[in-house]
file run-v3.cif (mmCIF, C-alpha atoms and all ligand atoms)
data_data
#
loop_
_atom_site.label_atom_id
_atom_site.label_comp_id
_atom_site.auth_asym_id
_atom_site.auth_seq_id
_atom_site.Cartn_x
_atom_site.Cartn_y
_atom_site.Cartn_z
CA MET L 1 -15.73 7.78 2.25
CA LEU L 2 -12.02 8.63 2.06
CA SER L 3 -10.98 12.01 0.72
CA ARG L 4 -7.19 12.17 0.87
CA PRO L 5 -4.85 12.46 -2.15
CA PHE L 6 -4.28 9.27 -4.12
CA GLU L 7 -2.20 10.83 -6.88
CA PRO L 8 1.15 12.62 -6.79
CA GLY L 9 0.82 16.42 -6.78
CA PRO L 10 1.77 18.56 -9.80
CA GLU L 11 5.45 19.07 -8.81
CA LEU L 12 6.10 15.36 -8.27
CA THR L 13 4.21 14.50 -11.46
CA ALA L 14 6.38 16.93 -13.43
CA ALA L 15 9.56 15.50 -11.84
CA LEU L 16 8.40 11.96 -12.65
CA THR L 17 7.72 12.90 -16.26
CA ARG L 18 11.26 14.28 -16.60
CA ALA L 19 12.82 11.22 -14.91
CA GLN L 20 10.90 8.80 -17.14
CA GLY L 21 12.66 9.92 -20.32
CA ASN L 22 11.21 7.93 -23.19
CA ALA L 23 10.08 5.09 -20.95
CA GLY L 24 9.02 1.92 -22.70
CA ALA L 25 9.39 -1.77 -22.01
CA TYR L 26 6.78 -2.07 -19.29
CA ALA L 27 5.65 -5.45 -20.65
CA THR L 28 9.17 -6.82 -20.06
CA LEU L 29 9.14 -5.36 -16.58
CA SER L 30 5.82 -6.87 -15.54
CA GLY L 31 6.82 -10.26 -16.98
CA GLN L 32 10.02 -10.06 -14.97
CA TYR L 33 8.13 -9.35 -11.72
CA ARG L 34 5.68 -12.20 -12.38
CA SER L 35 8.35 -14.79 -13.11
CA ALA L 36 10.53 -13.63 -10.20
CA ALA L 37 7.76 -13.69 -7.56
CA GLY L 38 9.13 -15.43 -4.48
CA THR L 39 12.60 -15.92 -5.91
CA GLY L 40 14.42 -12.90 -4.48
CA THR L 41 15.10 -9.21 -5.09
CA VAL L 42 14.61 -8.00 -8.66
CA PHE L 43 17.32 -5.61 -9.90
CA LEU L 44 16.09 -3.43 -12.77
CA SER L 45 18.22 -1.87 -15.50
CA ALA L 46 18.21 1.94 -15.92
CA ALA L 47 15.68 1.67 -18.78
CA GLU L 48 13.48 -0.62 -16.70
CA LYS L 49 13.61 1.85 -13.83
CA GLN L 50 12.31 4.54 -16.19
CA ALA L 51 9.49 2.19 -17.18
CA TYR L 52 8.78 1.60 -13.48
CA LEU L 53 8.51 5.36 -12.89
CA ALA L 54 6.13 5.71 -15.83
CA ALA L 55 3.95 2.67 -15.37
CA ARG L 56 4.17 1.44 -11.78
CA PHE L 57 5.00 4.44 -9.56
CA PRO L 58 1.59 6.10 -10.07
CA ALA L 59 -0.23 2.86 -9.24
CA THR L 60 1.84 1.81 -6.22
CA PHE L 61 1.69 5.43 -4.97
CA ALA L 62 -2.11 5.32 -5.22
CA ALA L 63 -2.39 1.96 -3.46
CA ILE L 64 -0.03 2.94 -0.61
CA SER L 65 -1.82 6.25 -0.29
CA MET L 66 -5.20 4.62 -0.01
CA ALA L 67 -3.95 2.01 2.48
CA LEU L 68 -2.49 4.85 4.58
CA SER L 69 -5.82 6.65 4.38
CA HIS L 70 -7.58 3.61 5.73
CA LEU L 71 -5.06 3.33 8.55
CA LEU L 72 -5.35 7.02 9.45
CA ASP L 73 -9.11 6.83 9.30
CA ALA L 74 -9.07 4.10 11.92
CA TYR L 75 -6.28 5.51 14.05
CA GLN L 76 -6.40 9.03 15.43
CA GLY L 77 -3.03 9.16 17.22
CA SER L 78 -0.76 9.31 14.19
CA ASP L 79 1.59 12.14 15.14
CA TRP L 80 4.36 10.09 13.56
CA THR L 81 7.54 11.92 12.65
CA SER L 82 9.76 9.12 11.31
CA LEU L 83 9.37 6.57 8.53
CA LEU L 84 11.31 3.52 7.39
CA ASP L 85 10.56 2.95 3.70
CA ALA L 86 11.64 -0.69 3.39
CA GLY L 87 12.28 -1.83 -0.19
CA CYS L 88 11.82 1.79 -1.15
CA GLY L 89 12.50 1.64 -4.90
CA PRO L 90 11.98 5.29 -5.99
CA ALA L 91 10.72 6.11 -2.45
CA THR L 92 7.11 5.66 -3.50
CA ALA L 93 5.90 5.03 0.06
CA SER L 94 7.82 8.06 1.34
CA PHE L 95 6.20 10.34 -1.24
CA ALA L 96 2.79 8.86 -0.45
CA ALA L 97 3.32 9.20 3.32
CA SER L 98 4.46 12.83 2.91
CA GLY L 99 0.96 13.63 1.64
CA HIS L 100 -0.65 12.15 4.74
CA LEU L 101 1.75 12.88 7.60
CA PRO L 102 2.57 16.59 7.72
CA GLY L 103 4.84 16.04 10.76
CA LEU L 104 7.13 13.61 8.94
CA GLN L 105 10.72 14.75 9.50
CA THR L 106 13.04 11.75 9.35
CA ILE L 107 13.01 9.14 6.61
CA VAL L 108 15.17 6.07 6.12
CA LEU L 109 15.21 4.61 2.61
CA ALA L 110 16.28 0.96 2.53
CA ASP L 111 16.79 -1.14 -0.57
CA ALA L 112 19.10 -3.85 -1.90
CA ASP L 113 19.38 -1.87 -5.14
CA GLN L 114 21.16 1.33 -4.14
CA SER L 115 20.81 2.92 -7.57
CA TRP L 116 17.21 3.76 -6.59
CA PHE L 117 18.42 6.23 -3.95
CA ALA L 118 19.76 8.82 -6.42
CA ILE L 119 16.54 8.58 -8.44
CA ALA L 120 14.43 9.06 -5.30
CA LYS L 121 16.51 12.02 -4.13
CA ASP L 122 16.48 13.69 -7.57
CA LEU L 123 12.68 13.42 -7.55
CA ALA L 124 12.57 14.83 -4.01
CA ASN L 125 14.85 17.75 -4.87
CA ALA L 126 12.81 18.51 -7.97
CA CYS L 127 9.60 18.76 -5.99
CA GLY L 128 11.02 20.29 -2.81
CA ASN L 129 10.51 17.35 -0.47
CA GLY L 130 13.29 17.97 2.08
CA ALA L 131 12.59 14.91 4.24
CA ILE L 132 13.18 12.56 1.29
CA ALA L 133 16.04 14.61 -0.19
CA ASP L 134 17.84 14.39 3.19
CA ALA L 135 16.81 10.80 3.93
CA ASN L 136 19.33 8.37 5.31
CA ALA L 137 19.80 5.68 2.63
CA VAL L 138 20.66 2.15 3.71
CA ALA L 139 21.81 -0.24 0.98
CA GLY L 140 21.63 -4.01 1.35
CA PRO L 141 19.22 -6.74 2.39
CA LEU L 142 16.32 -5.60 4.57
CA SER L 143 17.10 -8.38 7.06
CA MET L 144 20.22 -6.35 7.98
CA VAL L 145 18.41 -3.04 8.56
CA ARG L 146 18.79 -1.76 12.13
CA ALA L 147 16.92 1.55 11.77
CA GLN L 148 13.95 2.46 14.00
CA ALA L 149 10.98 4.55 12.93
CA ASP L 150 7.49 5.40 14.17
CA LEU L 151 6.04 3.96 10.97
CA VAL L 152 7.48 1.19 8.81
CA VAL L 153 6.10 0.67 5.31
CA ALA L 154 7.02 -2.22 3.01
CA ALA L 155 5.11 -1.92 -0.25
CA TYR L 156 5.31 -4.49 -3.05
CA VAL L 157 8.40 -5.96 -1.41
CA LEU L 158 7.68 -9.17 0.52
CA ASN L 159 6.25 -10.94 -2.53
CA GLU L 160 9.74 -10.93 -4.03
CA SER L 161 10.89 -13.32 -1.27
CA ALA L 162 10.05 -16.93 -0.47
CA SER L 163 7.68 -17.49 2.49
CA LYS L 164 10.39 -18.45 4.97
CA GLU L 165 12.46 -15.39 4.15
CA GLN L 166 9.32 -13.23 4.43
CA ASP L 167 9.00 -14.33 8.07
CA THR L 168 12.55 -13.22 8.85
CA LEU L 169 12.00 -9.92 7.04
CA LEU L 170 8.79 -9.31 8.93
CA ASP L 171 10.56 -9.96 12.26
CA THR L 172 13.10 -7.28 11.34
CA LEU L 173 10.47 -4.82 10.14
CA TRP L 174 8.26 -5.26 13.21
CA ASN L 175 11.29 -4.75 15.49
CA ALA L 176 11.98 -1.52 13.58
CA ALA L 177 8.42 -0.25 13.98
CA GLY L 178 8.14 2.07 16.99
CA GLN L 179 4.41 2.48 16.56
CA ALA L 180 2.96 1.12 13.34
CA ILE L 181 3.62 -1.06 10.33
CA LEU L 182 1.96 -1.12 6.92
CA ILE L 183 2.47 -3.91 4.40
CA VAL L 184 1.03 -3.57 0.88
CA GLU L 185 1.04 -6.22 -1.84
CA PRO L 186 -0.66 -6.71 -5.22
CA GLY L 187 -4.39 -7.45 -4.94
CA THR L 188 -4.03 -10.95 -6.32
CA PRO L 189 -4.60 -14.32 -4.59
CA HIS L 190 -0.81 -14.62 -4.30
CA GLY L 191 -0.45 -11.09 -2.88
CA PHE L 192 -3.27 -11.71 -0.42
CA ALA L 193 -1.72 -15.03 0.69
CA THR L 194 1.33 -13.00 1.73
CA ILE L 195 -0.84 -10.44 3.54
CA ARG L 196 -2.79 -13.14 5.38
CA ARG L 197 0.45 -14.76 6.48
CA VAL L 198 1.83 -11.40 7.61
CA ARG L 199 -1.38 -10.66 9.53
CA ASP L 200 -1.26 -14.00 11.35
CA ARG L 201 2.36 -13.45 12.28
CA LEU L 202 1.81 -9.85 13.44
CA ILE L 203 -0.94 -11.07 15.77
CA THR L 204 1.45 -13.60 17.33
CA TYR L 205 3.85 -10.70 18.04
CA GLY L 206 1.05 -8.96 20.00
CA ALA L 207 0.42 -6.35 17.29
CA VAL L 208 -3.08 -4.89 17.02
CA ILE L 209 -4.53 -5.02 13.52
CA ALA L 210 -5.82 -1.54 12.68
CA SER L 211 -6.91 -1.94 9.08
CA PRO L 212 -8.50 -3.28 6.95
CA CYS L 213 -9.79 -5.88 9.44
CA PRO L 214 -12.37 -4.73 11.99
CA HIS L 215 -11.26 -7.52 14.35
CA GLN L 216 -8.30 -9.56 15.59
CA ALA L 217 -9.97 -12.93 14.93
CA PRO L 218 -8.61 -15.32 12.27
CA CYS L 219 -9.31 -14.11 8.72
CA PRO L 220 -12.68 -15.60 7.75
CA LEU L 221 -12.05 -15.63 3.98
CA ARG L 222 -11.63 -19.02 2.35
CA ASP L 223 -10.11 -19.81 -1.06
CA PRO L 224 -10.86 -18.88 -3.79
CA ASP L 225 -11.97 -15.63 -2.15
CA TRP L 226 -9.29 -13.07 -1.33
CA CYS L 227 -9.37 -9.72 0.42
CA HIS L 228 -8.35 -6.87 -1.83
CA PHE L 229 -9.27 -3.30 -2.65
CA SER L 230 -9.10 -1.05 -5.68
CA VAL L 231 -8.01 2.51 -6.34
CA ARG L 232 -8.61 4.39 -9.60
CA LEU L 233 -5.85 6.62 -10.94
CA ASN L 234 -5.44 8.77 -14.01
CA ARG L 235 -2.91 7.66 -16.58
CA SER L 236 -0.56 10.27 -17.99
CA ALA L 237 0.40 10.13 -21.68
CA ALA L 238 3.75 8.54 -20.70
CA HIS L 239 1.94 5.99 -18.54
CA ARG L 240 -0.37 5.06 -21.43
CA ARG L 241 2.58 4.84 -23.81
CA ALA L 242 4.63 2.64 -21.45
CA LYS L 243 1.74 0.23 -21.10
CA GLY L 244 0.44 0.47 -24.65
CA ALA L 245 -2.89 1.34 -23.02
CA LYS L 246 -5.76 3.39 -24.41
CA LEU L 247 -7.85 4.08 -21.29
CA ALA L 248 -7.14 7.35 -19.49
CA TYR L 249 -7.33 5.62 -16.10
CA GLU L 250 -6.55 2.32 -14.45
CA ASP L 251 -7.77 0.48 -11.38
CA GLU L 252 -4.93 -0.74 -9.19
CA LYS L 253 -5.93 -3.72 -7.06
CA PHE L 254 -4.05 -4.13 -3.80
CA SER L 255 -4.12 -6.04 -0.52
CA PHE L 256 -2.76 -4.62 2.71
CA VAL L 257 -2.55 -4.92 6.45
CA ALA L 258 -1.70 -2.21 8.97
CA ALA L 259 -0.94 -2.90 12.62
CA LEU L 260 -0.10 -0.92 15.74
CA ARG L 261 1.93 -1.53 18.87
CA ASN L 262 -0.49 0.43 21.01
CA PRO L 263 -4.23 0.30 20.32
CA LEU L 264 -5.04 3.51 22.24
CA ASP L 265 -6.86 5.92 19.90
CA LEU L 266 -7.87 3.11 17.56
CA LYS L 267 -11.51 3.63 16.59
CA SER L 268 -13.54 0.49 16.71
CA TYR L 269 -15.72 -0.32 13.73
CA ARG L 270 -18.08 -3.18 13.16
CA ALA L 271 -17.43 -4.14 9.57
CA ARG L 272 -15.58 -3.35 6.36
CA ILE L 273 -16.98 -3.56 2.84
CA ILE L 274 -14.67 -6.01 1.09
CA LYS L 275 -16.21 -6.05 -2.41
CA ARG L 276 -17.73 -3.46 -4.71
CA PRO L 277 -21.27 -2.78 -3.43
CA VAL L 278 -23.98 -4.05 -5.79
CA LYS L 279 -26.72 -1.45 -6.16
CA HIS L 280 -30.17 -2.64 -7.25
CA GLY L 281 -33.43 -0.70 -7.60
CA GLY L 282 -34.76 -1.38 -4.11
CA HIS L 283 -31.75 -2.67 -2.22
CA VAL L 284 -27.97 -2.62 -1.95
CA ARG L 285 -25.84 -5.71 -1.37
CA LEU L 286 -22.78 -5.12 0.80
CA ASP L 287 -20.17 -7.82 1.27
CA LEU L 288 -18.90 -7.33 4.79
CA CYS L 289 -16.07 -8.65 6.91
CA THR L 290 -16.94 -8.75 10.62
CA GLU L 291 -15.66 -10.49 13.71
CA GLY L 292 -18.41 -13.07 13.23
CA GLY L 293 -17.38 -13.90 9.66
CA ALA L 294 -17.58 -12.56 6.12
CA GLY L 295 -20.63 -12.50 3.87
CA PRO L 296 -23.31 -10.44 2.14
CA ARG L 297 -25.76 -8.09 3.84
CA ILE L 298 -28.83 -6.75 2.04
CA ILE L 299 -29.85 -3.20 2.94
CA ALA L 300 -33.38 -2.52 1.69
CA ARG L 301 -34.95 0.80 0.71
CA SER L 302 -37.33 0.37 3.66
CA GLN L 303 -34.31 0.84 5.97
CA GLY L 304 -34.40 4.59 5.16
CA PRO L 305 -31.20 6.41 6.25
CA HIS L 306 -29.28 3.13 6.35
CA TYR L 307 -30.22 2.52 2.71
CA ARG L 308 -29.09 6.00 1.69
CA GLN L 309 -25.75 5.38 3.43
CA ALA L 310 -25.44 2.05 1.65
CA ARG L 311 -26.05 3.71 -1.74
CA ASP L 312 -23.13 6.08 -1.04
CA ALA L 313 -20.88 3.36 0.35
CA GLU L 314 -17.78 2.27 -1.53
CA TRP L 315 -15.61 -0.81 -1.64
CA GLY L 316 -13.16 -0.50 1.26
CA ASP L 317 -15.35 1.73 3.47
CA ILE L 318 -16.16 0.79 7.03
CA TRP L 319 -19.76 -0.10 7.79
CA PRO L 320 -21.77 1.54 9.15
CA PRO L 321 -19.96 4.83 8.47
CA HIS L 322 -18.72 6.81 11.46
CA PRO L 323 -21.27 9.47 12.41
C1 LIG L 401 8.51 -3.77 -6.67
S1 LIG L 401 9.70 -2.71 -5.95
C2 LIG L 401 8.65 -1.70 -4.92
C3 LIG L 401 9.22 -0.33 -4.73
C4 LIG L 401 8.36 0.60 -3.89
N1 LIG L 401 8.21 0.12 -2.54
C5 LIG L 401 7.01 0.81 -4.54
O1 LIG L 401 5.99 0.44 -3.94
O2 LIG L 401 6.93 1.36 -5.64
C6 LIG L 401 10.47 -3.74 -4.73
C7 LIG L 401 11.74 -3.12 -4.14
O3 LIG L 401 12.11 -3.85 -2.96
C8 LIG L 401 13.49 -4.13 -3.00
N2 LIG L 401 13.66 -5.41 -2.26
C9 LIG L 401 12.93 -6.55 -2.39
N3 LIG L 401 13.34 -7.48 -1.50
C10 LIG L 401 14.36 -6.91 -0.80
C11 LIG L 401 15.18 -7.37 0.26
N4 LIG L 401 15.05 -8.59 0.78
N5 LIG L 401 16.12 -6.53 0.76
C12 LIG L 401 16.26 -5.27 0.24
N6 LIG L 401 15.51 -4.78 -0.76
C13 LIG L 401 14.56 -5.58 -1.28
C14 LIG L 401 13.83 -4.23 -4.50
O4 LIG L 401 15.21 -3.95 -4.72
C15 LIG L 401 12.91 -3.19 -5.11
O5 LIG L 401 13.53 -1.93 -5.20
#

call {"tool": "encode", "arguments": {"input": "run-v3.cif", "output": "structure tokens"}}
result
Amino acid sequence: MLSRPFEPGPELTAALTRAQGNAGAYATLSGQYRSAAGTGTVFLSAAEKQAYLAARFPATFAAISMALSHLLDAYQGSDWTSLLDAGCGPATASFAASGHLPGLQTIVLADADQSWFAIAKDLANACGNGAIADANAVAGPLSMVRAQADLVVAAYVLNESASKEQDTLLDTLWNAAGQAILIVEPGTPHGFATIRRVRDRLITYGAVIASPCPHQAPCPLRDPDWCHFSVRLNRSAAHRRAKGAKLAYEDEKFSFVAALRNPLDLKSYRARIIKRPVKHGGHVRLDLCTEGGAGPRIIARSQGPHYRQARDAEWGDIWPPHP
């Protein structure tokens, strides 16, 4: 079970609340993202950026954070000191990575919409994150980025481009990745289609898939199934207001793939739980992805310690758990 932070700390939360102003208009924003999917970069107005900070930042932060946790759980050699945050928006991935990589010193923020940089740096200054406050900011299309970093993260970015353009972007991002790359997309069939395509392409480059897949074989999932995960986050009052929501939490669904140049220090694991475990009186049903395929596994009470592990297991965990 993962135990790293999936929510911004108190200083960043306070800075976000100030930057949000009286954020509203999230419905417009989400409609805009849906209708623009695959058609190119979306430029948001100042008011829409405030709505993004209120309603999307906490969720994308949580998803990136959890994906990073999965990567770092599988890979023990992550003494990474540099990050390229590609399609950074308000530097969500940089803030999330700062919580996981204490040695992070150098950050490059890259985005077509350069008005995000000042927002990201104001947030960083307000919460004392020197690496983001001093980050090198590169404005323009990601296909032109020439930076290099140990870790490259592109979160909620590729879906904005058409498939052919995604391939070119991925070529650039993989060339920029000294050691590792993480791509995160919405946990929808469309988002997963992007992730599957990215995964296939990374394997042709010779990359080693570190997470979430326990193998390098072709993805065994067939339509209408799609591989995605879920992270629960608390909603602030501003977040609830921006979304017109009543619940004090939300579940962000996301799909991701993380890959490495060098598989040394990558722990091997047999399977990953790719759906919410179903717990019955005398047995637990785990949906597993393995090298041999994907499908359900029933763990019965008679299996003793295995059953107890299965009762504690969560969607996204590896199976069986590391000792
Ligand atoms: C949905 S936002 C995601 C922001 C941030 N990564 C997050 O997870 O919260 C997508 C960002 O990627 C940028 N973007 C998308 N495609 C791009 C491209 N081809 N070149 C440069 N920036 C791009 C957009 O300007 C936008 O700021």

call {"tool": "closest_residue", "arguments": {"input": "run-v3.cif", "among": "L:Ala217, L:Ile209, L:Val157, L:Ala63", "to": "ligand LIG 401 (chain L)", "atoms": "only C-alpha atoms and all ligand atoms"}}
result
L:Val157

call {"tool": "atom_distance", "arguments": {"input": "run-v3.cif", "atom1": "atom CA of Phe192 of chain L", "atom2": "atom CA of Ser143 of chain L"}}
result
22.0 Å

call {"tool": "residues_near_point", "arguments": {"input": "run-v3.cif", "point": "(-9.5, -1.0, 15.2)", "cutoff": "8 Å", "atoms": "only C-alpha atoms", "output": "VMD selection string"}}
result
chain L and resid 74 to 75 208 to 211 213 to 215 263 266 to 269

call {"tool": "atom_distance", "arguments": {"input": "run-v3.cif", "atom1": "atom CA of His322 of chain L", "atom2": "atom CA of Gln309 of chain L"}}
result
10.8 Å

call {"tool": "residues_around", "arguments": {"input": "run-v3.cif", "residues": "Trp116 of chain L", "least_positions_apart": "2", "cutoff": "9 Å", "atoms": "only C-alpha atoms", "output": "list in words"}}
result
Lys49, Cys88, Gly89, Pro90, Ala91, Asp111, Asp113, Gln114, Ala118, Ile119, Ala120 and Lys121 of chain L

call {"tool": "write_last_selection", "arguments": {"input": "run-v3.cif", "atoms": "C-alpha atoms", "output": "PDB file, in the coordinates of the input"}}
result
ATOM      1  CA  LYS L  49      13.610   1.850 -13.830  1.00  0.00           C
ATOM      2  CA  CYS L  88      11.820   1.790  -1.150  1.00  0.00           C
ATOM      3  CA  GLY L  89      12.500   1.640  -4.900  1.00  0.00           C
ATOM      4  CA  PRO L  90      11.980   5.290  -5.990  1.00  0.00           C
ATOM      5  CA  ALA L  91      10.720   6.110  -2.450  1.00  0.00           C
ATOM      6  CA  ASP L 111      16.790  -1.140  -0.570  1.00  0.00           C
ATOM      7  CA  ASP L 113      19.380  -1.870  -5.140  1.00  0.00           C
ATOM      8  CA  GLN L 114      21.160   1.330  -4.140  1.00  0.00           C
ATOM      9  CA  ALA L 118      19.760   8.820  -6.420  1.00  0.00           C
ATOM     10  CA  ILE L 119      16.540   8.580  -8.440  1.00  0.00           C
ATOM     11  CA  ALA L 120      14.430   9.060  -5.300  1.00  0.00           C
ATOM     12  CA  LYS L 121      16.510  12.020  -4.130  1.00  0.00           C
TER      13      LYS L 121
END

call {"tool": "residues_near_ligand", "arguments": {"input": "run-v3.cif", "ligand": "ligand LIG 401 (chain L)", "cutoff": "7 Å", "atoms": "all atoms listed in the file", "output": "PDB file with C-alpha atoms, keeping the file's coordinate frame"}}
result
ATOM      1  CA  GLY L  40      14.420 -12.900  -4.480  1.00  0.00           C
ATOM      2  CA  THR L  41      15.100  -9.210  -5.090  1.00  0.00           C
ATOM      3  CA  VAL L  42      14.610  -8.000  -8.660  1.00  0.00           C
ATOM      4  CA  PHE L  43      17.320  -5.610  -9.900  1.00  0.00           C
ATOM      5  CA  ARG L  56       4.170   1.440 -11.780  1.00  0.00           C
ATOM      6  CA  PHE L  57       5.000   4.440  -9.560  1.00  0.00           C
ATOM      7  CA  THR L  60       1.840   1.810  -6.220  1.00  0.00           C
ATOM      8  CA  PHE L  61       1.690   5.430  -4.970  1.00  0.00           C
ATOM      9  CA  ALA L  86      11.640  -0.690   3.390  1.00  0.00           C
ATOM     10  CA  GLY L  87      12.280  -1.830  -0.190  1.00  0.00           C
ATOM     11  CA  CYS L  88      11.820   1.790  -1.150  1.00  0.00           C
ATOM     12  CA  GLY L  89      12.500   1.640  -4.900  1.00  0.00           C
ATOM     13  CA  PRO L  90      11.980   5.290  -5.990  1.00  0.00           C
ATOM     14  CA  ALA L  91      10.720   6.110  -2.450  1.00  0.00           C
ATOM     15  CA  THR L  92       7.110   5.660  -3.500  1.00  0.00           C
ATOM     16  CA  ALA L  93       5.900   5.030   0.060  1.00  0.00           C
ATOM     17  CA  ALA L 110      16.280   0.960   2.530  1.00  0.00           C
ATOM     18  CA  ASP L 111      16.790  -1.140  -0.570  1.00  0.00           C
ATOM     19  CA  ALA L 112      19.100  -3.850  -1.900  1.00  0.00           C
ATOM     20  CA  ASP L 113      19.380  -1.870  -5.140  1.00  0.00           C
ATOM     21  CA  TRP L 116      17.210   3.760  -6.590  1.00  0.00           C
ATOM     22  CA  GLY L 140      21.630  -4.010   1.350  1.00  0.00           C
ATOM     23  CA  PRO L 141      19.220  -6.740   2.390  1.00  0.00           C
ATOM     24  CA  LEU L 142      16.320  -5.600   4.570  1.00  0.00           C
ATOM     25  CA  SER L 143      17.100  -8.380   7.060  1.00  0.00           C
ATOM     26  CA  ALA L 154       7.020  -2.220   3.010  1.00  0.00           C
ATOM     27  CA  ALA L 155       5.110  -1.920  -0.250  1.00  0.00           C
ATOM     28  CA  TYR L 156       5.310  -4.490  -3.050  1.00  0.00           C
ATOM     29  CA  VAL L 157       8.400  -5.960  -1.410  1.00  0.00           C
ATOM     30  CA  LEU L 158       7.680  -9.170   0.520  1.00  0.00           C
ATOM     31  CA  GLU L 160       9.740 -10.930  -4.030  1.00  0.00           C
ATOM     32  CA  SER L 161      10.890 -13.320  -1.270  1.00  0.00           C
TER      33      SER L 161
END

call {"tool": "build_atoms", "arguments": {"input": "run-v3.cif", "residues": "segment 63-74 of chain L", "atoms": "N, CA and C atoms", "output": "PDB file, in the coordinates of the input"}}
result
ATOM      1  N   ALA L  63      -2.016   3.044  -4.372  1.00  0.00           N
ATOM      2  CA  ALA L  63      -2.390   1.960  -3.460  1.00  0.00           C
ATOM      3  C   ALA L  63      -1.873   2.227  -2.048  1.00  0.00           C
ATOM      4  N   ILE L  64      -0.612   2.667  -1.946  1.00  0.00           N
ATOM      5  CA  ILE L  64      -0.030   2.940  -0.610  1.00  0.00           C
ATOM      6  C   ILE L  64      -0.802   4.083   0.043  1.00  0.00           C
ATOM      7  N   SER L  65      -1.101   5.088  -0.785  1.00  0.00           N
ATOM      8  CA  SER L  65      -1.820   6.250  -0.290  1.00  0.00           C
ATOM      9  C   SER L  65      -3.184   5.860   0.265  1.00  0.00           C
ATOM     10  N   MET L  66      -3.863   5.005  -0.457  1.00  0.00           N
ATOM     11  CA  MET L  66      -5.200   4.620  -0.010  1.00  0.00           C
ATOM     12  C   MET L  66      -5.098   3.747   1.250  1.00  0.00           C
ATOM     13  N   ALA L  67      -4.117   2.851   1.283  1.00  0.00           N
ATOM     14  CA  ALA L  67      -3.950   2.010   2.480  1.00  0.00           C
ATOM     15  C   ALA L  67      -3.640   2.901   3.692  1.00  0.00           C
ATOM     16  N   LEU L  68      -2.795   3.923   3.484  1.00  0.00           N
ATOM     17  CA  LEU L  68      -2.490   4.850   4.580  1.00  0.00           C
ATOM     18  C   LEU L  68      -3.752   5.588   5.026  1.00  0.00           C
ATOM     19  N   SER L  69      -4.563   5.980   4.057  1.00  0.00           N
ATOM     20  CA  SER L  69      -5.820   6.650   4.380  1.00  0.00           C
ATOM     21  C   SER L  69      -6.696   5.786   5.274  1.00  0.00           C
ATOM     22  N   HIS L  70      -6.764   4.513   4.916  1.00  0.00           N
ATOM     23  CA  HIS L  70      -7.580   3.610   5.730  1.00  0.00           C
ATOM     24  C   HIS L  70      -7.003   3.499   7.140  1.00  0.00           C
ATOM     25  N   LEU L  71      -5.689   3.421   7.228  1.00  0.00           N
ATOM     26  CA  LEU L  71      -5.060   3.330   8.550  1.00  0.00           C
ATOM     27  C   LEU L  71      -5.345   4.600   9.357  1.00  0.00           C
ATOM     28  N   LEU L  72      -5.188   5.759   8.720  1.00  0.00           N
ATOM     29  CA  LEU L  72      -5.350   7.020   9.450  1.00  0.00           C
ATOM     30  C   LEU L  72      -6.801   7.306   9.773  1.00  0.00           C
ATOM     31  N   ASP L  73      -7.690   6.719   8.998  1.00  0.00           N
ATOM     32  CA  ASP L  73      -9.110   6.830   9.300  1.00  0.00           C
ATOM     33  C   ASP L  73      -9.445   6.076  10.578  1.00  0.00           C
ATOM     34  N   ALA L  74      -8.770   4.948  10.762  1.00  0.00           N
ATOM     35  CA  ALA L  74      -9.070   4.100  11.920  1.00  0.00           C
ATOM     36  C   ALA L  74      -8.311   4.561  13.156  1.00  0.00           C
TER      37      ALA L  74
END
